[in-house]
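For reference, the structure is listed below as structure tokens.
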Amino acid sequence: MKKAYIAPKGYKTPVRWDLLSNERVLNCIDKLLKGEVISQIKNNCSLSRVGNIINEIRKVTGFNAVENVYIGVGNNQGYILAQGDEVKNRLLQLKDEIKAKIEAKKASE
């Protein structure tokens with residue numbers, strides 16, 4: 001019996017705006033722009049799954065926009081914004097787009 005091919009999830013998958021369209025993600029983006037390290041251990045964004053949000057941000061801004069860093073002992077990963085003005089501009093555009101989606105959601109309610 002032949003196994004079915006399962007395509008890897010990557011940048012061809014659509015962006016899940018339901019994950020990105022909230023105030024907590026905007027706070028997370030602000031912390032990235034300030035140069036802070038975001039991690040599940042510190043939970044400084046009050047998000048339950050920081051990795052899922054970072055993956056969705058990478059789909060929009062590009063894979064190299066957010067870098068993985070190891071913090072503490074073991075496999076504790078954190079995320080930090082890559083250096084460069086182009087990366088910051090793409091993240092600011094994403095932030096504006098998320099704000100517009102939040103305002104549209106509030107207006108429709």
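Letters A, B, ... go to the chains of the structure tokens in the order shown; residues in each chain start at 1; ligands are counted from 1 in the same order.
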What's around stretch 16-18 of chain A at 9 Å? Count only C-alpha atoms, leave out sequence neighbours fewer than 3 positions away in its own chain, and write the answer as a ChimeraX atom specification. /A:13,21-22,56,98,101
Next, dump the selected residues to file, keeping only N, CA and C atoms, as a PDB file, in the first residue's frame.
```
ATOM      1  N   THR A  13       0.873  28.006   2.531  1.00  0.00           N
ATOM      2  CA  THR A  13      -0.377  27.923   3.273  1.00  0.00           C
ATOM      3  C   THR A  13      -0.869  29.339   3.541  1.00  0.00           C
ATOM      4  N   SER A  21      -5.306  38.532  14.380  1.00  0.00           N
ATOM      5  CA  SER A  21      -6.163  39.709  14.542  1.00  0.00           C
ATOM      6  C   SER A  21      -6.622  39.884  15.986  1.00  0.00           C
ATOM      7  N   ASN A  22      -5.699  40.205  16.858  1.00  0.00           N
ATOM      8  CA  ASN A  22      -6.080  40.559  18.227  1.00  0.00           C
ATOM      9  C   ASN A  22      -5.026  41.473  18.842  1.00  0.00           C
ATOM     10  N   GLU A  56       3.070  32.580  11.835  1.00  0.00           N
ATOM     11  CA  GLU A  56       2.169  33.380  11.005  1.00  0.00           C
ATOM     12  C   GLU A  56       2.805  34.724  10.657  1.00  0.00           C
ATOM     13  N   ILE A  98      -3.041  44.563  10.684  1.00  0.00           N
ATOM     14  CA  ILE A  98      -3.757  43.921  11.794  1.00  0.00           C
ATOM     15  C   ILE A  98      -4.683  44.925  12.475  1.00  0.00           C
ATOM     16  N   LYS A 101      -7.766  45.310  10.410  1.00  0.00           N
ATOM     17  CA  LYS A 101      -8.663  44.155  10.543  1.00  0.00           C
ATOM     18  C   LYS A 101      -9.404  44.169  11.878  1.00  0.00           C
TER      19      LYS A 101
END
```
For A:Asn64, find every residue with an atom within 9 Å (counting only C-alpha atoms), except residues of its own chain fewer than 6 positions away, and show them as a compact mmCIF listing (two decimals) with C-alpha atoms, in the first residue's frame.
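Below you can see selection.txt, which holds the result:
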```
# COMPACT_ATOMS: atom_id res chain seq x y z
CA ARG A 58 7.02 34.87 9.29
CA LEU A 81 13.60 40.56 15.40
CA ALA A 82 16.38 40.46 12.81
CA VAL A 87 12.45 44.02 8.32
```
Among the residues A:Leu33, A:Ile71, A:Val15, A:Ile41, the one that comes closest to A:Asn55 [using only C-alpha atoms]: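 Using only C-alpha atoms, the shortest distance to A:Asn55 belongs to A:Val15.
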Once DSSP has gone over the backbone, tell me which residues of chain A are in strand (DSSP E or B), as a tab-separated table (two decimals) with N, CA and C atoms, in the first residue's frame.
```tsv
chain	number	residue	atom	x	y	z
A	38	ILE	N	11.11	37.38	22.89
A	38	ILE	CA	9.80	36.82	23.20
A	38	ILE	C	9.98	35.32	23.35
A	39	SER	N	9.45	34.76	24.43
A	39	SER	CA	9.57	33.33	24.63
A	39	SER	C	8.35	32.79	25.34
A	66	VAL	N	12.27	37.08	11.71
A	66	VAL	CA	12.31	36.75	13.14
A	66	VAL	C	13.29	35.60	13.33
A	67	GLU	N	14.26	35.80	14.22
A	67	GLU	CA	15.29	34.79	14.44
A	67	GLU	C	15.04	34.03	15.74
A	68	ASN	N	15.42	32.76	15.74
A	68	ASN	CA	15.35	31.94	16.95
A	68	ASN	C	16.62	32.16	17.76
A	69	VAL	N	16.45	32.29	19.06
A	69	VAL	CA	17.59	32.36	19.98
A	69	VAL	C	17.33	31.38	21.11
A	70	TYR	N	18.40	30.81	21.64
A	70	TYR	CA	18.27	29.88	22.76
A	70	TYR	C	18.52	30.63	24.05
A	77	GLN	N	13.50	28.11	23.61
A	77	GLN	CA	13.68	29.03	22.49
A	77	GLN	C	12.99	30.34	22.74
A	78	GLY	N	13.62	31.38	22.26
A	78	GLY	CA	13.02	32.70	22.24
A	78	GLY	C	13.10	33.22	20.82
A	79	TYR	N	12.43	34.32	20.58
A	79	TYR	CA	12.40	34.90	19.25
A	79	TYR	C	12.76	36.37	19.35
A	80	ILE	N	13.56	36.83	18.39
A	80	ILE	CA	13.98	38.22	18.36
A	80	ILE	C	13.92	38.70	16.91
A	81	LEU	N	13.70	39.98	16.74
A	81	LEU	CA	13.60	40.56	15.40
A	81	LEU	C	14.99	40.68	14.79
```
Report as number ranges by chain: the residues of chain A with a DSSP assignment of helix (DSSP H, G or I), based on the backbone of this structure. A: 17-20, 23-34, 50-61, 63-65, 85-108
Please determine, counting only C-alpha atoms, which residue among A:Leu92, A:Val37, A:Val60, A:Ile54 has the shortest atom-to-atom distance to A:Lys12.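 Smallest separation from A:Lys12 among the options: A:Val60.
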